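Read the structure below first, then the notes.
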Amino acid sequence: MKALNTRLSRRGLVVGLAALTASCATASKRTTVVATVPAPLVVPTEPLLMPSPQAAVTLDPKGLIRKDLLDDALVALKRHGDRVARKDQIYLVDFRQHSRDPRLFRLDMVTGEVEAWRTAHGRNSDPAHTGFARRFSNVKDSGESSVGAYATAGMSSGAKHGANVLLDGLEPTNDQARDRAIIVHAADYCEPEFLSREGKLGRSLGCFALSQADLGVLRPAMDVGRLLFAAA
């Protein structure tokens, strides 16, 4: 009996130790924590480049256009925006200037740059043919130029003047432009030879007449839906 008890005790001890070992192993598995190594911080070797804000465009940086004329044209562009679909460039005519001087301006609204050409005025706007336009009218057969805002209405061609650009008057000072056939066209009295001989351009019946070469440049650019603003 004593020997049996001894064997049982030893057996119990072995079983107990085995159970304890298994329990510790299980606990060890449950409590094991795997450390996470953080990724190294990447520091840029060059400074970050931030986009710079777009600078405002300076219109007419060389000051070729009379300031009040430019201001009035910009107001007209806003006022007649529904009739002027193409606002990338506008045209201005300064009838205060002598006809020998470039006074038809094209202002690029994207770059702010300005180009200039010569243009004639109406015969009866300058009866004495001084080179300065003094009188303006919206009456048919008056032979005078009209001032105000126009919308270019497309390239055309006529039996009398050939290739031209049609104009629609947008204001009470020029809204008869279509009935009066006020257009942009070429004329021999606007050619360099005439200017060299006379010291001034000849006179139209109210149209914006140009040299043939200048019309070739301006006609396709004016086309449809752009502002032409004339003032004195």
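Please note that chains go A, B, ... in the order of the structure tokens, that every chain numbers its residues from 1, and that ligands are numbered from 1 in the order shown.
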Contacts of A:Arg66 at 9 Å (only C-alpha atoms; same-chain gap of 4+ positions) as an MDAnalysis selection string = chainID A and resid 70:71 94
May I have the selected residues written with N, CA and C atoms, as an mmCIF file, in the first residue's frame?
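That gives us selection_16.cif:
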```cif
data_model
loop_
_atom_site.group_PDB
_atom_site.id
_atom_site.type_symbol
_atom_site.label_atom_id
_atom_site.label_comp_id
_atom_site.auth_asym_id
_atom_site.auth_seq_id
_atom_site.Cartn_x
_atom_site.Cartn_y
_atom_site.Cartn_z
ATOM 1 N N LEU A 70 -10.323 104.470 -72.783
ATOM 2 C CA LEU A 70 -10.197 103.087 -72.340
ATOM 3 C C LEU A 70 -11.210 102.777 -71.246
ATOM 4 N N ASP A 71 -11.341 103.683 -70.292
ATOM 5 C CA ASP A 71 -12.299 103.464 -69.201
ATOM 6 C C ASP A 71 -13.728 103.344 -69.734
ATOM 7 N N ASP A 94 -10.226 106.486 -81.490
ATOM 8 C CA ASP A 94 -10.111 107.786 -80.830
ATOM 9 C C ASP A 94 -10.231 108.891 -81.870
#
```
If you take only C-alpha atoms and a cut-off of 6 Å, which residues of stretch 91-163 of chain A touch stretch 184-203 of chain A, and what are their nearest atom pairs and distances in Å to one decimal, in chain and number order, as JSON lines?
```
{"residue": "A:Ser99", "atom": "CA", "partner": "A:Lys200", "partner_atom": "CA", "distance": 5.6}
{"residue": "A:Arg100", "atom": "CA", "partner": "A:Lys200", "partner_atom": "CA", "distance": 4.6}
{"residue": "A:Ala120", "atom": "CA", "partner": "A:Arg203", "partner_atom": "CA", "distance": 5.6}
{"residue": "A:His121", "atom": "CA", "partner": "A:Arg203", "partner_atom": "CA", "distance": 5.5}
{"residue": "A:Gly122", "atom": "CA", "partner": "A:Arg203", "partner_atom": "CA", "distance": 5.4}
{"residue": "A:Arg123", "atom": "CA", "partner": "A:Arg203", "partner_atom": "CA", "distance": 4.8}
{"residue": "A:Gly131", "atom": "CA", "partner": "A:Lys200", "partner_atom": "CA", "distance": 5.9}
```
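Note that atom CA of A:Tyr150 and atom CA of A:Asn138 are 12.6 Å apart.
In this model, the gap between atom CA of A:Val84 and atom CA of A:Ala149 comes to 10.2 Å.
The spacing separating atom CA of A:Asp214 from atom CA of A:Gly162 amounts to 14.1 Å.
Per DSSP on the backbone, strand (DSSP E) in stretch 142-213 of chain A comprises Gly148, Ala149, Tyr150, Ala151, Thr152, Ala153, Gly154, Met155, Ser156, Ser157, Gly158, Gly162, Ala163, Asn164, Val165, Leu166, Leu167, Asp168, Gly169, Ile183, Val184, His185, Ala186, Phe208, Ala209 and Leu210 of chain A.
Using only C-alpha atoms, the residues found no farther than 12 Å from A:Ala153, other than those of its own chain fewer than 5 positions away, are Arg83, Val84, Ala85, Arg86, Asn164, Val165, Leu166, Leu167, Asp168, Gly169, Leu170, Ala177, Arg178, Ile182, Ile183, Val184, Arg219, Pro220, Ala221, Met222, Asp223, Val224, Gly225, Arg226, Leu227 and Leu228 of chain A.
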Write the residues of the preceding selection, restricted to N, CA and C atoms, as a short mmCIF file (atom, residue, chain, number, x, y, z; two decimals), in the first residue's frame.
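So part-v6.cif came out as:
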```
data_model
loop_
_atom_site.label_atom_id
_atom_site.label_comp_id
_atom_site.auth_asym_id
_atom_site.auth_seq_id
_atom_site.Cartn_x
_atom_site.Cartn_y
_atom_site.Cartn_z
N ARG A 83 -24.31 91.19 -75.90
CA ARG A 83 -24.18 91.33 -77.35
C ARG A 83 -22.74 91.12 -77.82
N VAL A 84 -21.84 91.08 -76.88
CA VAL A 84 -20.41 90.93 -77.20
C VAL A 84 -19.94 89.61 -76.62
N ALA A 85 -20.05 88.56 -77.41
CA ALA A 85 -19.76 87.21 -76.91
C ALA A 85 -18.27 86.95 -76.76
N ARG A 86 -17.46 87.61 -77.57
CA ARG A 86 -16.02 87.34 -77.58
C ARG A 86 -15.28 88.51 -76.95
N ASN A 164 -15.37 93.41 -96.25
CA ASN A 164 -15.66 94.32 -95.14
C ASN A 164 -16.03 93.55 -93.89
N VAL A 165 -16.25 94.30 -92.82
CA VAL A 165 -16.78 93.75 -91.58
C VAL A 165 -18.05 94.52 -91.25
N LEU A 166 -19.14 93.80 -91.03
CA LEU A 166 -20.41 94.43 -90.69
C LEU A 166 -20.41 94.86 -89.22
N LEU A 167 -21.19 95.91 -88.94
CA LEU A 167 -21.29 96.44 -87.58
C LEU A 167 -22.74 96.64 -87.18
N ASP A 168 -23.03 96.35 -85.93
CA ASP A 168 -24.33 96.67 -85.34
C ASP A 168 -24.13 97.71 -84.26
N GLY A 169 -24.80 98.87 -84.39
CA GLY A 169 -24.72 99.89 -83.34
C GLY A 169 -25.55 99.47 -82.13
N LEU A 170 -25.00 99.68 -80.94
CA LEU A 170 -25.65 99.21 -79.72
C LEU A 170 -26.24 100.32 -78.87
N ALA A 177 -26.66 102.09 -87.57
CA ALA A 177 -25.47 101.73 -88.34
C ALA A 177 -25.79 100.77 -89.49
N ARG A 178 -26.64 99.77 -89.26
CA ARG A 178 -26.97 98.83 -90.33
C ARG A 178 -27.73 99.52 -91.47
N ILE A 182 -22.91 101.40 -92.24
CA ILE A 182 -21.64 101.75 -91.61
C ILE A 182 -20.87 100.45 -91.37
N ILE A 183 -19.72 100.32 -92.02
CA ILE A 183 -18.94 99.09 -91.99
C ILE A 183 -17.46 99.42 -91.84
N VAL A 184 -16.66 98.39 -91.71
CA VAL A 184 -15.20 98.52 -91.77
C VAL A 184 -14.78 98.02 -93.15
N ARG A 219 -9.69 92.29 -90.52
CA ARG A 219 -10.99 91.71 -90.87
C ARG A 219 -11.21 90.33 -90.24
N PRO A 220 -10.30 89.36 -90.41
CA PRO A 220 -10.56 88.06 -89.80
C PRO A 220 -10.50 88.08 -88.27
N ALA A 221 -9.73 89.02 -87.71
CA ALA A 221 -9.63 89.09 -86.25
C ALA A 221 -10.88 89.70 -85.63
N MET A 222 -11.48 90.68 -86.29
CA MET A 222 -12.71 91.30 -85.78
C MET A 222 -13.87 90.31 -85.85
N ASP A 223 -14.14 89.80 -87.03
CA ASP A 223 -15.14 88.77 -87.27
C ASP A 223 -16.46 89.07 -86.56
N VAL A 224 -16.92 88.18 -85.67
CA VAL A 224 -18.26 88.30 -85.07
C VAL A 224 -18.17 88.41 -83.55
N GLY A 225 -18.98 89.30 -82.97
CA GLY A 225 -19.17 89.31 -81.53
C GLY A 225 -18.10 90.00 -80.72
N ARG A 226 -17.41 90.97 -81.32
CA ARG A 226 -16.43 91.74 -80.56
C ARG A 226 -16.85 93.21 -80.48
N LEU A 227 -16.36 93.87 -79.47
CA LEU A 227 -16.69 95.28 -79.24
C LEU A 227 -15.78 96.19 -80.07
N LEU A 228 -16.41 97.16 -80.75
CA LEU A 228 -15.70 98.29 -81.32
C LEU A 228 -16.31 99.54 -80.69
#
```
What lies within 10 Å of A:Thr58 using only C-alpha atoms, ignoring chain neighbours under 5 positions off, as a ChimeraX atom specification?
-> /A:109-113
Among A:Ile90, A:Ala231, A:Ala116, A:Ala133, A:Ala151 is approached most closely, using only C-alpha atoms, by A:Ile90
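Proximity of A:Leu107, A:Gly148, A:Asp101, A:His161 to A:Phe136, computed with only C-alpha atoms, is greatest for A:Gly148.
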